[in-house]
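Student: Dropping in data.pdb, with PDB, C-alpha atoms, pLDDT in the B column.
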```pdb
MODEL        1
ATOM      1  CA  MET A   1       3.658 -16.505  -9.760  1.00 69.00           C
ATOM      2  CA  PRO A   2       2.320 -13.246 -11.129  1.00 77.00           C
ATOM      3  CA  THR A   3       3.345 -12.386 -14.671  1.00 80.00           C
ATOM      4  CA  ILE A   4       4.032  -8.879 -15.877  1.00 91.00           C
ATOM      5  CA  THR A   5       5.492  -7.749 -19.171  1.00 91.00           C
ATOM      6  CA  LEU A   6       8.599  -5.991 -20.420  1.00 91.00           C
ATOM      7  CA  ARG A   7       7.873  -4.443 -23.823  1.00 91.00           C
ATOM      8  CA  GLY A   8       5.034  -6.944 -24.160  1.00 90.00           C
ATOM      9  CA  ASN A   9       7.141 -10.009 -23.288  1.00 90.00           C
ATOM     10  CA  PRO A  10       6.034 -11.958 -20.198  1.00 92.00           C
ATOM     11  CA  ILE A  11       8.247 -12.019 -17.110  1.00 92.00           C
ATOM     12  CA  GLU A  12       7.488 -13.988 -13.946  1.00 92.00           C
ATOM     13  CA  VAL A  13       7.608 -12.250 -10.587  1.00 94.00           C
ATOM     14  CA  SER A  14       8.141 -14.358  -7.465  1.00 93.00           C
ATOM     15  CA  GLY A  15       6.483 -13.780  -4.135  1.00 89.00           C
ATOM     16  CA  VAL A  16       3.234 -11.995  -3.415  1.00 93.00           C
ATOM     17  CA  LEU A  17       2.925  -8.235  -3.142  1.00 96.00           C
ATOM     18  CA  PRO A  18       1.315  -7.308   0.192  1.00 98.00           C
ATOM     19  CA  VAL A  19      -2.431  -6.839  -0.252  1.00 97.00           C
ATOM     20  CA  VAL A  20      -4.650  -4.039   1.009  1.00 98.00           C
ATOM     21  CA  GLY A  21      -5.591  -4.638   4.627  1.00 98.00           C
ATOM     22  CA  SER A  22      -2.594  -6.870   5.401  1.00 98.00           C
ATOM     23  CA  GLN A  23       0.315  -6.069   7.671  1.00 98.00           C
ATOM     24  CA  ALA A  24       3.436  -5.138   5.708  1.00 98.00           C
ATOM     25  CA  PRO A  25       6.356  -7.549   6.032  1.00 97.00           C
ATOM     26  CA  ALA A  26       9.370  -6.253   7.928  1.00 97.00           C
ATOM     27  CA  PHE A  27      12.476  -5.426   5.936  1.00 98.00           C
ATOM     28  CA  ASN A  28      16.159  -4.597   6.238  1.00 97.00           C
ATOM     29  CA  LEU A  29      17.613  -2.357   3.539  1.00 98.00           C
ATOM     30  CA  THR A  30      20.657  -0.118   3.077  1.00 98.00           C
ATOM     31  CA  ASN A  31      20.378   3.672   3.108  1.00 97.00           C
ATOM     32  CA  GLY A  32      22.511   6.347   1.445  1.00 95.00           C
ATOM     33  CA  ASP A  33      25.029   6.301   4.306  1.00 96.00           C
ATOM     34  CA  LEU A  34      25.482   2.530   3.862  1.00 97.00           C
ATOM     35  CA  ALA A  35      23.686   1.972   7.172  1.00 97.00           C
ATOM     36  CA  GLU A  36      21.146  -0.774   7.669  1.00 98.00           C
ATOM     37  CA  VAL A  37      17.568   0.397   8.234  1.00 98.00           C
ATOM     38  CA  THR A  38      14.310  -1.407   8.937  1.00 98.00           C
ATOM     39  CA  LEU A  39      10.671  -0.641   8.273  1.00 98.00           C
ATOM     40  CA  ALA A  40      10.325   0.144  11.992  1.00 97.00           C
ATOM     41  CA  ASP A  41      12.810   3.024  11.559  1.00 98.00           C
ATOM     42  CA  PHE A  42      10.189   5.045   9.655  1.00 98.00           C
ATOM     43  CA  ALA A  43       7.300   6.658  11.528  1.00 97.00           C
ATOM     44  CA  GLY A  44       4.007   7.792  10.055  1.00 97.00           C
ATOM     45  CA  SER A  45       2.577   6.835   6.685  1.00 98.00           C
ATOM     46  CA  LYS A  46       4.920   5.512   4.040  1.00 98.00           C
ATOM     47  CA  ILE A  47       4.866   5.310   0.257  1.00 98.00           C
ATOM     48  CA  LEU A  48       7.145   2.551  -0.996  1.00 98.00           C
ATOM     49  CA  ASN A  49       8.103   3.355  -4.568  1.00 98.00           C
ATOM     50  CA  ILE A  50       9.777   0.110  -5.681  1.00 98.00           C
ATOM     51  CA  PHE A  51      11.462  -0.074  -9.087  1.00 97.00           C
ATOM     52  CA  PRO A  52      14.278  -1.776 -11.061  1.00 96.00           C
ATOM     53  CA  SER A  53      16.837   1.055 -11.399  1.00 96.00           C
ATOM     54  CA  VAL A  54      16.937   4.818 -11.072  1.00 96.00           C
ATOM     55  CA  ASP A  55      19.056   4.836 -14.248  1.00 93.00           C
ATOM     56  CA  THR A  56      16.031   4.064 -16.434  1.00 92.00           C
ATOM     57  CA  PRO A  57      13.608   6.751 -17.651  1.00 93.00           C
ATOM     58  CA  THR A  58      10.398   5.422 -16.075  1.00 93.00           C
ATOM     59  CA  CYS A  59      12.046   4.751 -12.718  1.00 96.00           C
ATOM     60  CA  ALA A  60      13.591   8.213 -12.671  1.00 95.00           C
ATOM     61  CA  THR A  61      10.195   9.722 -13.484  1.00 95.00           C
ATOM     62  CA  SER A  62       8.552   7.895 -10.580  1.00 96.00           C
ATOM     63  CA  VAL A  63      11.146   9.273  -8.143  1.00 96.00           C
ATOM     64  CA  ARG A  64      10.603  12.802  -9.497  1.00 96.00           C
ATOM     65  CA  LYS A  65       6.807  12.548  -9.355  1.00 96.00           C
ATOM     66  CA  PHE A  66       6.626  11.120  -5.841  1.00 96.00           C
ATOM     67  CA  ASN A  67       9.097  13.793  -4.731  1.00 94.00           C
ATOM     68  CA  GLU A  68       6.858  16.496  -6.251  1.00 94.00           C
ATOM     69  CA  GLN A  69       3.480  15.100  -5.235  1.00 94.00           C
ATOM     70  CA  ALA A  70       4.044  13.394  -1.892  1.00 92.00           C
ATOM     71  CA  ALA A  71       7.285  14.538  -0.288  1.00 81.00           C
ATOM     72  CA  GLY A  72       6.664  17.212   2.273  1.00 82.00           C
ATOM     73  CA  ARG A  73       3.198  15.964   3.193  1.00 91.00           C
ATOM     74  CA  ASP A  74       2.838  15.943   6.947  1.00 93.00           C
ATOM     75  CA  GLY A  75       3.532  12.513   8.411  1.00 95.00           C
ATOM     76  CA  VAL A  76       4.390  10.868   5.054  1.00 97.00           C
ATOM     77  CA  THR A  77       7.761   9.402   4.084  1.00 97.00           C
ATOM     78  CA  VAL A  78       8.505   8.392   0.496  1.00 97.00           C
ATOM     79  CA  LEU A  79      10.843   5.398   0.332  1.00 98.00           C
ATOM     80  CA  CYS A  80      12.387   4.821  -3.101  1.00 98.00           C
ATOM     81  CA  ILE A  81      13.616   1.222  -3.203  1.00 98.00           C
ATOM     82  CA  SER A  82      15.776  -0.360  -5.903  1.00 98.00           C
ATOM     83  CA  ALA A  83      18.822  -2.575  -6.343  1.00 95.00           C
ATOM     84  CA  ASP A  84      20.906   0.469  -7.260  1.00 96.00           C
ATOM     85  CA  LEU A  85      23.915   1.104  -5.095  1.00 96.00           C
ATOM     86  CA  PRO A  86      23.367   3.955  -2.640  1.00 96.00           C
ATOM     87  CA  PHE A  87      26.020   5.959  -4.521  1.00 95.00           C
ATOM     88  CA  ALA A  88      23.966   5.881  -7.737  1.00 95.00           C
ATOM     89  CA  GLN A  89      20.761   6.779  -5.884  1.00 96.00           C
ATOM     90  CA  LYS A  90      22.506   9.726  -4.187  1.00 94.00           C
ATOM     91  CA  ARG A  91      24.073  10.872  -7.469  1.00 95.00           C
ATOM     92  CA  PHE A  92      20.713  10.846  -9.240  1.00 95.00           C
ATOM     93  CA  CYS A  93      18.868  12.745  -6.520  1.00 96.00           C
ATOM     94  CA  GLY A  94      21.711  15.256  -6.187  1.00 94.00           C
ATOM     95  CA  ALA A  95      21.770  15.939  -9.924  1.00 96.00           C
ATOM     96  CA  GLU A  96      17.972  16.305  -9.986  1.00 94.00           C
ATOM     97  CA  GLY A  97      17.708  18.410  -6.819  1.00 94.00           C
ATOM     98  CA  ILE A  98      15.479  15.771  -5.209  1.00 95.00           C
ATOM     99  CA  GLU A  99      15.547  16.065  -1.437  1.00 93.00           C
ATOM    100  CA  GLY A 100      12.139  14.817  -0.297  1.00 94.00           C
ATOM    101  CA  VAL A 101      12.573  11.053  -0.683  1.00 97.00           C
ATOM    102  CA  VAL A 102      14.562   8.415   1.186  1.00 97.00           C
ATOM    103  CA  ASN A 103      16.548   6.114  -1.085  1.00 97.00           C
ATOM    104  CA  LEU A 104      16.999   2.520   0.027  1.00 98.00           C
ATOM    105  CA  SER A 105      18.905  -0.276  -1.678  1.00 98.00           C
ATOM    106  CA  THR A 106      18.286  -4.015  -1.797  1.00 97.00           C
ATOM    107  CA  PHE A 107      21.899  -4.738  -2.771  1.00 95.00           C
ATOM    108  CA  ARG A 108      22.698  -6.344   0.619  1.00 96.00           C
ATOM    109  CA  HIS A 109      19.193  -7.690   1.142  1.00 96.00           C
ATOM    110  CA  PRO A 110      17.962  -9.726  -1.835  1.00 95.00           C
ATOM    111  CA  GLU A 111      15.345 -11.325   0.442  1.00 96.00           C
ATOM    112  CA  PHE A 112      13.335  -8.088   0.190  1.00 97.00           C
ATOM    113  CA  ARG A 113      12.498  -8.884  -3.432  1.00 96.00           C
ATOM    114  CA  SER A 114      10.742 -12.168  -2.686  1.00 93.00           C
ATOM    115  CA  SER A 115       9.244 -11.235   0.693  1.00 96.00           C
ATOM    116  CA  TRP A 116       7.600  -8.180  -0.884  1.00 97.00           C
ATOM    117  CA  GLY A 117       6.594 -10.021  -4.085  1.00 96.00           C
ATOM    118  CA  VAL A 118       8.639  -7.909  -6.492  1.00 97.00           C
ATOM    119  CA  GLU A 119      11.433 -10.258  -7.581  1.00 95.00           C
ATOM    120  CA  PHE A 120      11.925 -10.743 -11.306  1.00 93.00           C
ATOM    121  CA  ALA A 121      12.173 -14.538 -11.458  1.00 91.00           C
ATOM    122  CA  SER A 122      12.916 -14.625 -15.175  1.00 87.00           C
ATOM    123  CA  GLY A 123      13.882 -12.411 -18.076  1.00 88.00           C
ATOM    124  CA  PRO A 124      16.639  -9.866 -18.635  1.00 91.00           C
ATOM    125  CA  LEU A 125      15.907  -8.002 -15.379  1.00 92.00           C
ATOM    126  CA  GLN A 126      16.199 -11.105 -13.196  1.00 93.00           C
ATOM    127  CA  GLY A 127      17.651 -10.128  -9.819  1.00 91.00           C
ATOM    128  CA  LEU A 128      16.074  -6.668  -9.831  1.00 95.00           C
ATOM    129  CA  THR A 129      12.768  -5.500  -8.408  1.00 96.00           C
ATOM    130  CA  ALA A 130       9.595  -5.133 -10.429  1.00 96.00           C
ATOM    131  CA  ARG A 131       7.824  -1.764 -10.412  1.00 97.00           C
ATOM    132  CA  ALA A 132       5.351  -1.537  -7.550  1.00 98.00           C
ATOM    133  CA  VAL A 133       3.867   0.977  -5.151  1.00 98.00           C
ATOM    134  CA  VAL A 134       2.729   0.087  -1.652  1.00 98.00           C
ATOM    135  CA  VAL A 135       1.256   2.675   0.714  1.00 98.00           C
ATOM    136  CA  LEU A 136       1.305   1.985   4.442  1.00 98.00           C
ATOM    137  CA  ASP A 137      -0.358   3.708   7.364  1.00 98.00           C
ATOM    138  CA  ALA A 138       1.507   4.579  10.576  1.00 98.00           C
ATOM    139  CA  ASP A 139       0.964   1.013  11.860  1.00 98.00           C
ATOM    140  CA  ASN A 140       2.344  -0.485   8.609  1.00 98.00           C
ATOM    141  CA  LYS A 141      -1.041  -1.731   7.447  1.00 98.00           C
ATOM    142  CA  VAL A 142      -1.297  -1.769   3.647  1.00 98.00           C
ATOM    143  CA  LEU A 143      -3.624   0.942   2.312  1.00 98.00           C
ATOM    144  CA  HIS A 144      -2.746   0.615  -1.397  1.00 98.00           C
ATOM    145  CA  SER A 145      -0.865  -2.009  -3.391  1.00 98.00           C
ATOM    146  CA  GLU A 146      -0.006  -1.968  -7.100  1.00 98.00           C
ATOM    147  CA  LEU A 147       2.280  -4.253  -9.086  1.00 97.00           C
ATOM    148  CA  VAL A 148       2.606  -2.379 -12.380  1.00 97.00           C
ATOM    149  CA  SER A 149       1.708  -4.796 -15.171  1.00 95.00           C
ATOM    150  CA  GLU A 150       4.149  -3.414 -17.785  1.00 95.00           C
ATOM    151  CA  VAL A 151       7.675  -2.577 -16.601  1.00 94.00           C
ATOM    152  CA  GLY A 152       7.876   0.505 -18.823  1.00 94.00           C
ATOM    153  CA  GLN A 153       4.664   2.052 -17.470  1.00 96.00           C
ATOM    154  CA  GLU A 154       4.409   4.441 -14.555  1.00 96.00           C
ATOM    155  CA  PRO A 155       2.415   3.538 -11.464  1.00 97.00           C
ATOM    156  CA  ASP A 156      -0.993   5.052 -10.694  1.00 97.00           C
ATOM    157  CA  TYR A 157       0.193   8.031  -8.624  1.00 97.00           C
ATOM    158  CA  ALA A 158      -3.332   9.353  -8.028  1.00 97.00           C
ATOM    159  CA  ALA A 159      -4.560   6.047  -6.599  1.00 98.00           C
ATOM    160  CA  ALA A 160      -1.551   5.792  -4.281  1.00 97.00           C
ATOM    161  CA  LEU A 161      -1.896   9.355  -3.031  1.00 97.00           C
ATOM    162  CA  ALA A 162      -5.669   9.132  -2.624  1.00 97.00           C
ATOM    163  CA  VAL A 163      -5.393   6.739   0.342  1.00 97.00           C
ATOM    164  CA  LEU A 164      -3.300   9.157   2.421  1.00 94.00           C
TER     165      LEU A 164
ENDMDL
END
```
Can the structure from this file be put into structure tokens for me?

Tutor:
Amino acid sequence: MPTITLRGNPIEVSGVLPVVGSQAPAFNLTNGDLAEVTLADFAGSKILNIFPSVDTPTCATSVRKFNEQAAGRDGVTVLCISADLPFAQKRFCGAEGIEGVVNLSTFRHPEFRSSWGVEFASGPLQGLTARAVVVLDADNKVLHSELVSEVGQEPDYAAALAVL
């Protein structure tokens, strides 16, 4: 199991984050209308911005930055994935004026956490997703993969965007 840290304290993460060159695992998640969606529902390139909760400062920043830097790029969809209820995701984006990302929730689909290698297996955030960014091409092949080593740190936006 990979280990990351939360304020310097080790936390185990179960599963294995998809690696560059691999085919992304399929998923089922819940969108803002409480409808079930799959990876196959999204065409073109995709940035999966995976994080614990939009109600934390670093997670909120990652949604803002991907909205600013990647949303609106031709053929690119930004998927912001967390365990937050769709209502909280919608409230946050509405209050922030964020319209360029698609919010998806794991609340009905805990299997996403382990199949994508982002499940906190221990520590105070157990049951949530670790911070990670995975970039996929139109055929869902992994172009970039980052499991952020410290929960409170932001991902490497430049590296993720450089592969598009």

Student: With distances taken over all atoms listed in the file, which residue among A:Val19, A:Ala83, A:Val151, A:Ala35 lies nearest Leu6 in chain A?

Tutor: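 When distances to Leu6 in chain A are compared using all atoms listed in the file, the smallest one comes from A:Val151.
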
Student: Could you produce a table of the residues of range 55-99 of chain A lying within 6 Å of range 40-47 of chain A, with the nearest pair of atoms per residue and their separation in Å rounded to one decimal, using only C-alpha atoms, ordered by chain and increasing residue number, as a Markdown table?

Tutor:
```
| residue | atom | partner | partner_atom | distance |
| --- | --- | --- | --- | --- |
| A:Gly75 | CA | A:Gly44 | CA | 5.0 |
| A:Val76 | CA | A:Ser45 | CA | 4.7 |
| A:Thr77 | CA | A:Lys46 | CA | 4.8 |
| A:Val78 | CA | A:Ile47 | CA | 4.8 |
| A:Leu79 | CA | A:Ile47 | CA | 6.0 |
```

Student: Could you dump the residues just selected with C-alpha atoms as a PDB file, in the frame of the given file?

Tutor:
```pdb
ATOM      1  CA  GLY A  75       3.532  12.513   8.411  1.00 95.00           C
ATOM      2  CA  VAL A  76       4.390  10.868   5.054  1.00 97.00           C
ATOM      3  CA  THR A  77       7.761   9.402   4.084  1.00 97.00           C
ATOM      4  CA  VAL A  78       8.505   8.392   0.496  1.00 97.00           C
ATOM      5  CA  LEU A  79      10.843   5.398   0.332  1.00 98.00           C
TER       6      LEU A  79
END
```

Student: Which of these residues is nearest to Val20 in chain A, using all atoms listed in the file: A:Ala130, A:Leu147, A:Ala70, A:Val135?

Tutor: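 Of A:Ala130, A:Leu147, A:Ala70, A:Val135, the one nearest Val20 in chain A, counting all atoms listed in the file, is A:Val135.
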
Student: Which residue, A:Glu146, A:Glu119, A:Asp33, A:Asp55, has the smallest gap to Asn103 in chain A when you use all atoms listed in the file?

Tutor: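 Among the listed residues, A:Asp33 lies closest to Asn103 in chain A.
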
Student: So, counting all atoms listed in the file, which residue among A:Arg7, A:Arg131, A:Lys65, A:Arg113 is closest to Gly100 in chain A?

Tutor: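 Ranking A:Arg7, A:Arg131, A:Lys65, A:Arg113 by distance to Gly100 in chain A, first place goes to A:Lys65.
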
Student: Neighbouring residues of Pro124 in chain A were defined as those with any atom within 10 Å, considering only C-alpha atoms; residues of the same chain fewer than 4 positions away were excluded. Please report them as a PyMOL selection string.

Tutor: chain A and resi 6+11+120+128

Student: Between CA of Cys59 in chain A and CA of Gly152 in chain A, what distance in Å does the model show, to one decimal?

Tutor: 8.5 Å

Student: Using all atoms listed in the file, can you tell me which of A:Asn67, A:Thr129, A:Ser22, A:Asn140 comes closest to Ile4 in chain A?

Tutor: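 The closest residue to Ile4 in chain A is A:Thr129.
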